[in-house]
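Chemist: Have a peek at entry08.txt (compact mmCIF, C-alpha atoms).
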```txt
# COMPACT_ATOMS: atom_id res chain seq x y z
CA MET D 689 99.39 97.17 89.01
CA TRP D 690 101.71 99.41 91.03
CA LYS D 691 100.44 102.50 89.21
CA LEU D 692 98.17 105.17 90.67
CA ASN D 693 96.95 108.13 88.68
CA LYS D 694 97.55 111.59 90.09
CA VAL D 695 94.36 113.39 90.99
CA GLY D 696 93.03 116.71 89.75
CA GLY D 697 93.66 120.06 91.37
CA SER D 698 90.14 120.30 92.79
CA ILE D 699 90.62 117.08 94.79
CA LEU D 700 94.00 118.20 96.09
CA ASN D 701 92.56 121.57 97.04
CA GLN D 702 89.70 119.86 98.87
CA TYR D 703 92.18 117.73 100.81
CA LYS D 704 94.37 120.73 101.59
CA GLN D 705 91.44 122.82 102.83
CA GLU D 706 90.32 120.04 105.17
CA MET D 707 93.75 119.09 106.51
CA LEU D 708 95.53 122.46 106.76
CA PRO D 709 93.78 123.67 109.96
CA VAL D 710 94.32 120.25 111.54
CA LEU D 711 98.02 120.23 110.71
CA TYR D 712 98.49 123.84 111.82
CA LYS D 713 96.95 123.09 115.22
CA GLY D 714 99.03 119.94 115.63
CA ILE D 715 102.24 121.86 115.03
CA VAL D 716 101.41 124.82 117.26
CA ASP D 717 100.17 122.59 120.11
CA ASN D 718 102.98 120.03 120.06
CA LEU D 719 106.22 121.63 118.90
CA PRO D 720 108.66 124.08 120.49
CA ALA D 721 108.82 127.62 119.16
CA SER D 722 112.09 127.00 117.32
CA TYR D 723 110.48 124.20 115.26
CA ILE D 724 107.33 126.22 114.63
CA ALA D 725 109.45 129.09 113.28
CA ILE D 726 110.93 126.72 110.68
CA LEU D 727 107.66 125.06 109.60
CA ILE D 728 105.46 128.19 109.79
CA PRO D 729 107.59 131.28 109.16
CA ASP D 730 106.20 134.37 110.90
CA GLN D 731 103.60 132.23 112.68
CA GLY D 732 100.84 134.33 114.22
CA SER D 733 101.77 137.51 112.33
CA PRO D 734 100.07 139.14 109.32
CA THR D 735 102.87 137.75 107.11
CA GLU D 736 102.42 134.18 108.37
CA ASP D 737 103.60 131.72 105.68
CA LEU D 738 101.76 128.38 105.35
CA SER D 739 103.39 127.31 102.11
CA TYR D 740 105.50 124.57 103.73
CA LEU D 741 102.43 123.02 105.31
CA GLU D 742 100.48 123.20 102.06
CA ASP D 743 103.32 121.55 100.15
CA LEU D 744 103.69 118.84 102.79
CA LEU D 745 100.01 118.01 102.26
CA ILE D 746 99.73 117.95 98.46
CA GLU D 747 103.15 118.07 96.80
CA GLU D 748 104.18 115.23 94.47
CA PRO D 749 106.68 112.57 95.65
CA ASN D 750 109.97 113.89 94.23
CA ARG D 751 109.46 117.44 95.46
CA LEU D 752 107.94 116.16 98.68
CA PHE D 753 111.06 114.16 99.47
CA ALA D 754 113.30 117.13 98.68
CA LEU D 755 111.21 119.39 100.91
CA ASN D 756 111.37 116.85 103.73
CA ASN D 757 115.17 116.75 103.56
CA SER D 758 115.42 120.53 103.43
CA LEU D 759 113.20 121.02 106.49
CA MET D 760 114.75 118.16 108.45
CA ALA D 761 118.22 119.61 107.86
CA GLN D 762 117.00 122.74 109.63
CA LEU D 763 115.36 120.79 112.46
CA ILE D 764 118.25 118.38 113.11
CA ASN D 765 121.84 119.51 112.86
CA GLY D 766 123.74 117.12 110.57
CA TYR D 767 120.60 115.40 109.28
CA ARG D 768 121.25 112.73 106.65
CA ASP D 769 118.56 110.62 105.05
CA SER D 770 121.02 107.73 104.79
CA ASP D 771 121.20 107.62 108.61
CA LEU D 772 117.55 106.65 108.98
CA PRO D 773 117.73 102.90 108.26
CA ILE D 774 120.73 102.65 110.61
CA TYR D 775 118.84 104.63 113.26
CA GLN D 776 115.86 102.29 112.82
CA LYS D 777 118.04 99.22 113.39
CA ALA D 778 119.62 100.84 116.43
CA CYS D 779 116.19 101.48 117.94
CA ARG D 780 115.22 97.84 117.54
CA LYS D 781 118.22 96.52 119.37
CA THR D 782 117.31 95.49 122.90
CA THR D 783 120.87 94.81 124.01
CA THR D 784 124.46 95.48 122.92
CA ARG D 785 123.85 98.94 121.53
CA THR D 786 127.09 100.55 120.45
CA ALA D 787 128.11 104.11 121.19
CA ALA D 788 127.24 104.94 117.58
CA ASP D 789 123.77 103.45 118.06
CA VAL D 790 123.18 105.58 121.16
CA ASN D 791 124.39 108.71 119.37
CA LEU D 792 121.95 108.12 116.49
CA ILE D 793 119.06 107.47 118.86
CA ASN D 794 119.82 110.65 120.79
CA LYS D 795 120.25 112.64 117.60
CA TYR D 796 117.08 111.58 115.80
CA GLY D 797 114.72 110.00 118.33
CA PRO D 798 113.36 112.99 120.26
CA VAL D 799 112.81 115.16 117.18
CA LEU D 800 111.16 112.41 115.14
CA GLN D 801 108.82 111.60 118.03
CA GLN D 802 107.84 115.23 118.50
CA LEU D 803 107.13 115.59 114.79
CA LYS D 804 105.13 112.37 114.75
CA ASN D 805 102.97 113.77 117.56
CA ALA D 806 102.41 116.99 115.62
CA PHE D 807 101.74 115.31 112.27
CA ASP D 808 99.44 112.82 113.97
CA TYR D 809 98.17 110.35 111.37
CA LYS D 810 96.39 108.16 113.90
CA SER D 811 94.02 110.74 115.34
CA ASN D 812 93.75 112.91 112.23
CA ILE D 813 93.03 110.19 109.67
CA SER D 814 93.19 106.60 110.91
CA GLU D 815 90.78 107.08 113.82
CA ASN D 816 88.74 109.80 112.09
CA ALA D 817 86.43 107.59 110.06
CA GLY D 818 84.69 110.33 108.11
CA ARG D 819 87.96 111.89 107.01
CA ALA D 820 89.58 108.54 106.21
CA TYR D 821 86.64 107.47 104.06
CA ARG D 822 86.59 110.79 102.22
CA LEU D 823 90.30 110.41 101.52
CA THR D 824 90.04 106.87 100.14
CA GLU D 825 87.10 107.95 97.98
CA MET D 826 89.30 110.72 96.57
CA LYS D 827 91.92 108.13 95.65
CA GLY D 828 89.35 105.85 94.05
CA ALA D 829 91.29 102.58 94.14
CA ASN D 830 89.44 99.30 93.49
CA VAL D 831 92.24 96.78 94.03
CA CYS D 832 95.31 96.71 96.28
CA THR D 833 97.97 98.83 94.60
CA TYR D 834 100.82 96.55 95.59
CA CYS D 835 99.64 92.95 95.19
CA ASN D 836 96.72 93.30 92.73
CA ARG D 837 95.02 90.41 94.55
CA GLN D 838 92.22 91.89 96.66
CA TYR D 839 89.40 94.36 96.20
CA ILE D 840 89.71 97.38 98.50
CA PHE D 841 86.51 99.30 97.76
CA THR D 842 85.43 102.24 99.87
CA ILE D 843 81.90 101.30 100.93
CA ASN D 844 79.30 103.34 102.79
CA LYS D 845 75.62 102.68 103.37
CA PRO D 846 72.81 105.03 104.41
CA LYS D 847 71.91 105.11 108.08
CA LYS D 848 68.29 104.57 109.04
CA LYS D 849 67.80 108.20 110.07
CA ASN D 850 70.39 110.24 108.18
CA GLY D 851 74.02 110.33 107.18
CA LEU D 852 76.24 107.41 106.17
CA GLU D 853 77.45 104.32 107.93
CA HIS D 854 81.02 103.36 107.07
CA VAL D 855 81.38 99.73 106.00
CA ALA D 856 84.83 99.16 104.52
CA ARG D 857 87.77 101.06 103.06
CA PRO D 858 91.37 100.42 101.96
CA GLU D 859 94.18 100.66 104.41
CA LEU D 860 96.61 103.48 103.66
CA ASP D 861 100.28 102.57 103.51
CA HIS D 862 102.84 105.26 104.22
CA TRP D 863 105.26 104.78 101.32
CA PHE D 864 107.77 106.88 103.28
CA CYS D 865 107.16 105.38 106.72
CA LYS D 866 105.80 107.83 109.27
CA GLU D 867 108.25 106.74 111.97
CA LEU D 868 111.24 107.95 109.94
CA TYR D 869 109.51 110.60 107.82
CA PRO D 870 106.92 112.11 110.18
CA LEU D 871 106.69 115.31 108.14
CA LEU D 872 105.09 113.20 105.40
CA SER D 873 102.56 111.44 107.64
CA LEU D 874 99.61 113.33 106.17
CA SER D 875 100.90 113.83 102.61
CA PHE D 876 98.29 112.89 100.01
CA TYR D 877 100.81 111.29 97.65
CA ASN D 878 102.49 109.37 100.46
CA LEU D 879 99.31 107.47 101.35
CA ILE D 880 98.89 104.39 99.15
CA PRO D 881 95.60 102.43 99.10
CA SER D 882 96.38 98.82 99.94
CA CYS D 883 95.11 95.63 101.55
CA HIS D 884 95.89 94.67 105.13
CA ILE D 885 98.45 92.03 104.14
CA CYS D 886 100.54 94.45 102.09
CA ASN D 887 100.25 97.31 104.56
CA SER D 888 100.84 95.47 107.81
CA SER D 889 102.11 91.93 107.33
CA ALA D 890 104.24 91.83 104.20
CA LYS D 891 105.98 95.21 104.06
CA GLY D 892 106.82 95.31 107.74
CA SER D 893 109.73 97.62 108.50
CA VAL D 894 111.23 97.91 105.02
CA VAL D 895 112.44 101.47 104.39
CA PHE D 896 111.49 102.70 100.93
CA ASN D 897 113.49 105.19 98.91
CA LEU D 898 112.77 106.73 95.51
CA SER D 899 116.00 105.28 94.15
CA THR D 900 115.34 101.73 95.35
CA HIS D 901 111.60 101.03 95.17
CA VAL D 902 108.70 101.71 92.81
CA HIS D 903 106.49 104.61 93.88
CA PRO D 904 102.94 104.14 92.51
CA TYR D 905 102.41 107.84 91.82
CA LEU D 906 105.66 107.98 89.80
CA GLN D 907 105.08 104.75 87.88
CA ASN D 908 104.58 105.62 84.21
CA ASN D 909 104.04 102.12 82.83
CA PRO D 910 100.89 100.42 84.20
CA ASP D 911 102.47 97.06 83.32
CA PRO D 912 105.55 96.89 85.59
CA ALA D 913 108.82 95.37 84.39
CA PHE D 914 108.35 91.82 85.57
CA LYS D 915 106.47 88.78 84.31
CA PHE D 916 104.51 86.04 85.99
CA LYS D 917 105.55 82.74 84.44
CA PRO D 918 104.04 79.25 84.90
CA THR D 919 106.40 76.41 85.69
CA PRO D 920 105.76 72.67 86.28
CA SER D 921 105.75 71.83 89.97
CA VAL D 922 108.86 69.98 91.14
CA ASP D 923 107.20 68.56 94.23
CA PHE D 924 103.81 67.69 92.79
CA PRO D 925 103.71 66.08 89.32
CA ASN D 926 100.99 67.29 86.96
CA HIS D 927 100.62 70.50 88.92
CA TRP D 928 101.79 74.02 88.19
CA ASP D 929 103.63 76.69 90.14
CA VAL D 930 104.19 80.35 89.27
CA ILE D 931 107.36 82.40 89.46
CA ILE D 932 108.02 86.12 88.99
CA GLU D 933 110.74 86.82 86.45
CA ARG D 934 112.58 90.15 86.79
CA VAL D 935 116.05 91.67 86.82
CA ASN D 936 117.81 91.31 90.16
CA GLY D 937 118.66 94.49 92.04
CA THR D 938 116.12 96.69 90.23
CA LYS D 939 113.37 98.77 91.81
CA GLU D 940 110.93 96.10 90.66
CA ASP D 941 112.96 93.34 92.32
CA ASN D 942 113.20 95.28 95.58
CA THR D 943 109.47 96.04 95.58
CA ILE D 944 108.55 92.41 94.91
CA LYS D 945 110.73 91.32 97.83
CA ALA D 946 109.38 94.04 100.12
CA PHE D 947 105.82 92.78 99.72
CA ALA D 948 106.77 89.08 99.64
CA LEU D 949 105.07 88.72 96.28
CA ASP D 950 107.14 85.64 95.37
CA GLU D 951 105.76 83.80 98.39
CA ILE D 952 102.24 85.21 98.14
CA TYR D 953 101.81 84.49 94.45
CA ALA D 954 103.28 81.01 94.84
CA MET D 955 99.95 80.14 96.48
CA HIS D 956 98.16 81.04 93.25
CA GLY D 957 100.08 78.50 91.19
CA ARG D 958 97.60 75.84 92.31
CA LEU D 959 94.64 78.12 91.71
CA GLU D 960 94.31 80.56 88.80
CA VAL D 961 97.52 79.51 87.03
CA GLU D 962 96.84 75.78 87.23
CA GLU D 963 93.29 76.26 85.97
CA LEU D 964 94.50 78.11 82.89
CA MET D 965 97.35 75.69 82.19
CA LYS D 966 95.23 72.55 82.58
CA PHE D 967 92.45 73.97 80.46
CA ASN D 968 94.91 74.94 77.77
CA TYR D 969 96.66 71.54 77.67
CA SER D 970 93.48 69.47 77.97
CA TYR D 971 92.44 70.52 74.49
CA ASN D 972 94.14 71.09 71.19
CA ALA D 973 97.01 73.54 71.23
CA GLY D 974 95.73 77.08 71.02
CA TYR D 975 92.18 76.18 72.01
CA LEU D 976 91.90 79.08 74.43
CA LYS D 977 92.98 81.47 71.71
CA ILE D 978 90.51 79.95 69.25
CA LEU D 979 87.74 80.25 71.82
CA TYR D 980 88.67 83.86 72.47
CA GLU D 981 88.79 84.78 68.80
CA GLU D 982 85.54 82.95 67.94
CA LEU D 983 83.69 84.67 70.73
CA LEU D 984 85.07 87.97 69.58
CA ASN D 985 84.34 87.56 65.88
CA ASP D 986 81.36 85.21 65.62
CA PHE D 987 79.33 85.14 68.79
CA CYS D 988 79.89 88.52 70.39
CA PRO D 989 80.74 90.85 67.51
CA LYS D 990 79.19 93.82 69.30
CA LEU D 991 81.59 93.48 72.21
CA SER D 992 85.10 94.87 72.23
CA ARG D 993 88.18 92.69 72.61
CA ALA D 994 88.54 93.88 76.20
CA GLU D 995 84.90 93.02 76.98
CA VAL D 996 85.19 89.49 75.59
CA TYR D 997 88.45 89.00 77.48
CA ARG D 998 86.78 90.20 80.69
CA MET D 999 83.83 87.85 80.13
CA LEU D 1000 86.13 84.83 79.59
CA PHE D 1001 88.81 85.43 82.19
CA GLY D 1002 87.24 87.81 84.71
CA THR D 1003 90.11 90.31 84.58
CA GLU D 1004 91.24 93.31 82.55
CA LEU D 1005 93.07 93.02 79.22
CA GLU D 1006 94.65 96.46 79.14
CA PRO D 1007 97.46 97.25 81.61
CA ALA D 1008 95.99 100.71 82.27
CA ARG D 1009 93.02 98.93 83.87
CA PHE D 1010 94.87 96.25 85.86
CA GLY D 1011 93.96 98.15 89.03
CA GLU D 1012 90.25 97.63 88.45
CA ARG D 1013 90.08 93.84 88.94
CA PRO D 1014 92.16 91.44 91.03
CA MET D 1015 94.67 89.12 89.33
CA SER D 1016 94.66 91.11 86.08
CA LYS D 1017 98.46 91.26 85.81
CA LEU D 1018 98.86 87.57 86.67
CA LYS D 1019 96.32 86.31 84.14
CA HIS D 1020 97.52 88.73 81.47
CA ASP D 1021 101.08 87.39 81.74
CA ILE D 1022 99.99 83.73 81.76
CA LEU D 1023 97.70 84.20 78.76
CA GLU D 1024 100.46 86.07 76.98
CA TYR D 1025 102.79 83.13 77.71
CA LEU D 1026 100.17 80.77 76.21
CA LYS D 1027 99.91 83.08 73.17
CA VAL D 1028 96.21 83.64 73.74
CA ILE D 1029 96.92 87.37 73.61
```
Represent the structure of the file as structure tokens.

Modeler:
Amino acid sequence: MWKLNKVGGSILNQYKQEMLPVLYKGIVDNLPASYIAILIPDQGSPTEDLSYLEDLLIEEPNRLFALNNSLMAQLINGYRDSDLPIYQKACRKTTTRTAADVNLINKYGPVLQQLKNAFDYKSNISENAGRAYRLTEMKGANVCTYCNRQYIFTINKPKKKNGLEHVARPELDHWFCKELYPLLSLSFYNLIPSCHICNSSAKGSVVFNLSTHVHPYLQNNPDPAFKFKPTPSVDFPNHWDVIIERVNGTKEDNTIKAFALDEIYAMHGRLEVEELMKFNYSYNAGYLKILYEELLNDFCPKLSRAEVYRMLFGTELEPARFGERPMSKLKHDILEYLKVI
């Protein structure tokens, strides 16, 4: 959960080769010469330099963010990343804008809009089904990166005559939102496979920053620093709720709040959590663990611990594989709480 593995160089090169001509055309067709000179030094000459465009497509998050700030500082005099959330709030005001609000809108608005038109995610990926499906296949995610609740397979089926018919794919969340960071609109490592709820409904307008939120491609531990914990329901006796324990003010806390995971997972207290808790307390203490161990040692000795666990609980035992089946983190934490694992 929350962790995505970086891809190999061949996949990145494939993405770069497909997207570079598209991005080049978008810049040349939509931006003034002064902007083009910054993004494509010596554009149109034998010494034309495409390294900025290549890096904007395939660079990793830390360097990508640094490159964005460097280029934006050349495109907007006095550019400051810390201005962007304030600019965003100013744009959303319908009345009573202050002079400072107007100054920010005038300073950032026109340039950001021009760059968004040039780095056009909608036409280049979102509405280009073939390209979008190829991209999500490259990423290879099975379950929503953020909530770990829903499958997000990329599914194609053969057409009757030839080719493929696209059936379903993950949505792609811009970790750095494209409205404020348009240079990163097409960046491979800025596009996070997710479900519709996390991408559109839950996250909303929250502005992410590497110092405040967990970036899936920078997450080293596949088991993030929080725990799902069962708790007896206050409102409904003999029922169970679930809470998410974590340290306030951390990246984990901010990410949980951004995707409304407290509220979303509260709905699962009466489902998966309650089933496990009732089963556990309906029998002798430790029955689930005994069942698990007996299956492992006596009835299914040819299966691994992870295979028996998967057969019993329908999820993955090892954190590195939480992203392969929904609810793996939730059930892992509850079963750990019950001392089954």

Chemist: Expressed in Å to a single decimal, how great is the separation between atom CA of Asn830 of chain D and atom CA of Ser811 of chain D?

Modeler: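 Between atom CA of Asn830 of chain D and atom CA of Ser811 of chain D the gap works out to 25.1 Å.
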
Chemist: (101.0, 92.2, 89.3) in this file's frame - what residues fall within 6 Å of it? Use all atoms listed in the file and give the answer as JSON, numbers by chain.

Modeler: {"D": [689, 836, 1017, 1018]}

Chemist: Just the number, please: distance in Å from atom CA of Asn968 of chain D to atom CA of Lys1027 of chain D, one decimal.

Modeler: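 About the pair atom CA of Asn968 of chain D and atom CA of Lys1027 of chain D: they are 10.6 Å apart.
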
Chemist: Skip Leu741 of chain D itself and residues of its chain fewer than 2 positions away, then list as a ChimeraX atom specification all residues within 12 Å of it, counting only C-alpha atoms.

Modeler: /D:704-705,707-715,724,726-729,731,736-739,743-747,752,755-756,759,806-807,871-875

Chemist: Quick one: distance from atom CA of Asp789 of chain D to atom CA of Ile774 of chain D in Å, one decimal?

Modeler: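 Atom CA of Ile774 of chain D lies at a distance of 8.1 Å from atom CA of Asp789 of chain D.
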
Chemist: Between D:Asp717, D:Glu853, D:Asp911, D:Glu867, which residue has the minimum interatomic distance to Lys804 of chain D, considering only C-alpha atoms?

Modeler: D:Glu867

Chemist: Output requested as a PDB file, in the coordinates of the input - segment 966-1002 of chain D, filled out with N, CA and C atoms.

Modeler:
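Written file, result.pdb:
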```pdb
ATOM      1  N   LYS D 966      95.897  73.829  82.820  1.00  0.00           N
ATOM      2  CA  LYS D 966      95.230  72.550  82.580  1.00  0.00           C
ATOM      3  C   LYS D 966      94.185  72.665  81.487  1.00  0.00           C
ATOM      4  N   PHE D 967      93.444  73.772  81.504  1.00  0.00           N
ATOM      5  CA  PHE D 967      92.450  73.970  80.460  1.00  0.00           C
ATOM      6  C   PHE D 967      93.123  74.040  79.105  1.00  0.00           C
ATOM      7  N   ASN D 968      94.218  74.767  79.039  1.00  0.00           N
ATOM      8  CA  ASN D 968      94.910  74.940  77.770  1.00  0.00           C
ATOM      9  C   ASN D 968      95.453  73.607  77.231  1.00  0.00           C
ATOM     10  N   TYR D 969      96.019  72.771  78.108  1.00  0.00           N
ATOM     11  CA  TYR D 969      96.660  71.540  77.670  1.00  0.00           C
ATOM     12  C   TYR D 969      95.699  70.351  77.631  1.00  0.00           C
ATOM     13  N   SER D 970      94.465  70.547  78.065  1.00  0.00           N
ATOM     14  CA  SER D 970      93.480  69.470  77.970  1.00  0.00           C
ATOM     15  C   SER D 970      92.825  69.416  76.605  1.00  0.00           C
ATOM     16  N   TYR D 971      93.031  70.444  75.818  1.00  0.00           N
ATOM     17  CA  TYR D 971      92.440  70.520  74.490  1.00  0.00           C
ATOM     18  C   TYR D 971      93.555  70.719  73.466  1.00  0.00           C
ATOM     19  N   ASN D 972      93.141  70.867  72.229  1.00  0.00           N
ATOM     20  CA  ASN D 972      94.140  71.090  71.190  1.00  0.00           C
ATOM     21  C   ASN D 972      94.920  72.359  71.468  1.00  0.00           C
ATOM     22  N   ALA D 973      96.165  72.370  71.033  1.00  0.00           N
ATOM     23  CA  ALA D 973      97.010  73.540  71.230  1.00  0.00           C
ATOM     24  C   ALA D 973      96.309  74.792  70.695  1.00  0.00           C
ATOM     25  N   GLY D 974      96.317  75.820  71.461  1.00  0.00           N
ATOM     26  CA  GLY D 974      95.730  77.080  71.020  1.00  0.00           C
ATOM     27  C   GLY D 974      94.230  77.150  71.188  1.00  0.00           C
ATOM     28  N   TYR D 975      93.632  76.173  71.905  1.00  0.00           N
ATOM     29  CA  TYR D 975      92.180  76.180  72.010  1.00  0.00           C
ATOM     30  C   TYR D 975      91.652  77.438  72.690  1.00  0.00           C
ATOM     31  N   LEU D 976      92.343  77.870  73.739  1.00  0.00           N
ATOM     32  CA  LEU D 976      91.900  79.080  74.430  1.00  0.00           C
ATOM     33  C   LEU D 976      91.894  80.282  73.489  1.00  0.00           C
ATOM     34  N   LYS D 977      92.924  80.355  72.655  1.00  0.00           N
ATOM     35  CA  LYS D 977      92.980  81.470  71.710  1.00  0.00           C
ATOM     36  C   LYS D 977      91.854  81.369  70.692  1.00  0.00           C
ATOM     37  N   ILE D 978      91.599  80.147  70.214  1.00  0.00           N
ATOM     38  CA  ILE D 978      90.510  79.950  69.250  1.00  0.00           C
ATOM     39  C   ILE D 978      89.181  80.345  69.875  1.00  0.00           C
ATOM     40  N   LEU D 979      88.968  79.909  71.125  1.00  0.00           N
ATOM     41  CA  LEU D 979      87.740  80.250  71.820  1.00  0.00           C
ATOM     42  C   LEU D 979      87.591  81.760  71.955  1.00  0.00           C
ATOM     43  N   TYR D 980      88.666  82.405  72.314  1.00  0.00           N
ATOM     44  CA  TYR D 980      88.670  83.860  72.470  1.00  0.00           C
ATOM     45  C   TYR D 980      88.336  84.546  71.158  1.00  0.00           C
ATOM     46  N   GLU D 981      88.990  84.139  70.094  1.00  0.00           N
ATOM     47  CA  GLU D 981      88.790  84.780  68.800  1.00  0.00           C
ATOM     48  C   GLU D 981      87.387  84.494  68.245  1.00  0.00           C
ATOM     49  N   GLU D 982      86.876  83.271  68.445  1.00  0.00           N
ATOM     50  CA  GLU D 982      85.540  82.950  67.940  1.00  0.00           C
ATOM     51  C   GLU D 982      84.469  83.734  68.678  1.00  0.00           C
ATOM     52  N   LEU D 983      84.636  83.848  69.972  1.00  0.00           N
ATOM     53  CA  LEU D 983      83.690  84.670  70.730  1.00  0.00           C
ATOM     54  C   LEU D 983      83.714  86.104  70.244  1.00  0.00           C
ATOM     55  N   LEU D 984      84.903  86.578  69.993  1.00  0.00           N
ATOM     56  CA  LEU D 984      85.070  87.970  69.580  1.00  0.00           C
ATOM     57  C   LEU D 984      84.456  88.224  68.211  1.00  0.00           C
ATOM     58  N   ASN D 985      84.715  87.314  67.276  1.00  0.00           N
ATOM     59  CA  ASN D 985      84.340  87.560  65.880  1.00  0.00           C
ATOM     60  C   ASN D 985      82.973  87.027  65.487  1.00  0.00           C
ATOM     61  N   ASP D 986      82.580  85.875  66.093  1.00  0.00           N
ATOM     62  CA  ASP D 986      81.360  85.210  65.620  1.00  0.00           C
ATOM     63  C   ASP D 986      80.177  85.315  66.559  1.00  0.00           C
ATOM     64  N   PHE D 987      80.434  85.212  67.853  1.00  0.00           N
ATOM     65  CA  PHE D 987      79.330  85.140  68.790  1.00  0.00           C
ATOM     66  C   PHE D 987      79.059  86.451  69.523  1.00  0.00           C
ATOM     67  N   CYS D 988      80.069  87.247  69.671  1.00  0.00           N
ATOM     68  CA  CYS D 988      79.890  88.520  70.390  1.00  0.00           C
ATOM     69  C   CYS D 988      80.488  89.668  69.591  1.00  0.00           C
ATOM     70  N   PRO D 989      80.088  89.820  68.342  1.00  0.00           N
ATOM     71  CA  PRO D 989      80.740  90.850  67.510  1.00  0.00           C
ATOM     72  C   PRO D 989      80.496  92.276  67.994  1.00  0.00           C
ATOM     73  N   LYS D 990      79.473  92.473  68.825  1.00  0.00           N
ATOM     74  CA  LYS D 990      79.190  93.820  69.300  1.00  0.00           C
ATOM     75  C   LYS D 990      80.029  94.193  70.519  1.00  0.00           C
ATOM     76  N   LEU D 991      80.747  93.211  71.051  1.00  0.00           N
ATOM     77  CA  LEU D 991      81.590  93.480  72.210  1.00  0.00           C
ATOM     78  C   LEU D 991      83.020  93.760  71.769  1.00  0.00           C
ATOM     79  N   SER D 992      83.693  94.580  72.522  1.00  0.00           N
ATOM     80  CA  SER D 992      85.100  94.870  72.230  1.00  0.00           C
ATOM     81  C   SER D 992      85.973  93.701  72.658  1.00  0.00           C
ATOM     82  N   ARG D 993      87.228  93.733  72.216  1.00  0.00           N
ATOM     83  CA  ARG D 993      88.180  92.690  72.610  1.00  0.00           C
ATOM     84  C   ARG D 993      88.322  92.658  74.140  1.00  0.00           C
ATOM     85  N   ALA D 994      88.386  93.822  74.744  1.00  0.00           N
ATOM     86  CA  ALA D 994      88.540  93.880  76.200  1.00  0.00           C
ATOM     87  C   ALA D 994      87.315  93.316  76.912  1.00  0.00           C
ATOM     88  N   GLU D 995      86.122  93.534  76.358  1.00  0.00           N
ATOM     89  CA  GLU D 995      84.900  93.020  76.980  1.00  0.00           C
ATOM     90  C   GLU D 995      84.815  91.509  76.886  1.00  0.00           C
ATOM     91  N   VAL D 996      85.188  90.957  75.741  1.00  0.00           N
ATOM     92  CA  VAL D 996      85.190  89.490  75.590  1.00  0.00           C
ATOM     93  C   VAL D 996      86.223  88.871  76.515  1.00  0.00           C
ATOM     94  N   TYR D 997      87.378  89.471  76.588  1.00  0.00           N
ATOM     95  CA  TYR D 997      88.450  89.000  77.480  1.00  0.00           C
ATOM     96  C   TYR D 997      87.959  89.006  78.933  1.00  0.00           C
ATOM     97  N   ARG D 998      87.289  90.084  79.326  1.00  0.00           N
ATOM     98  CA  ARG D 998      86.780  90.200  80.690  1.00  0.00           C
ATOM     99  C   ARG D 998      85.734  89.122  80.975  1.00  0.00           C
ATOM    100  N   MET D 999      84.872  88.857  79.970  1.00  0.00           N
ATOM    101  CA  MET D 999      83.830  87.850  80.130  1.00  0.00           C
ATOM    102  C   MET D 999      84.435  86.450  80.284  1.00  0.00           C
ATOM    103  N   LEU D1000      85.499  86.152  79.544  1.00  0.00           N
ATOM    104  CA  LEU D1000      86.130  84.830  79.590  1.00  0.00           C
ATOM    105  C   LEU D1000      86.975  84.627  80.839  1.00  0.00           C
ATOM    106  N   PHE D1001      87.787  85.638  81.176  1.00  0.00           N
ATOM    107  CA  PHE D1001      88.810  85.430  82.190  1.00  0.00           C
ATOM    108  C   PHE D1001      88.582  86.211  83.490  1.00  0.00           C
ATOM    109  N   GLY D1002      87.585  87.105  83.487  1.00  0.00           N
ATOM    110  CA  GLY D1002      87.240  87.810  84.710  1.00  0.00           C
ATOM    111  C   GLY D1002      88.222  88.868  85.143  1.00  0.00           C
TER     112      GLY D1002
END
```
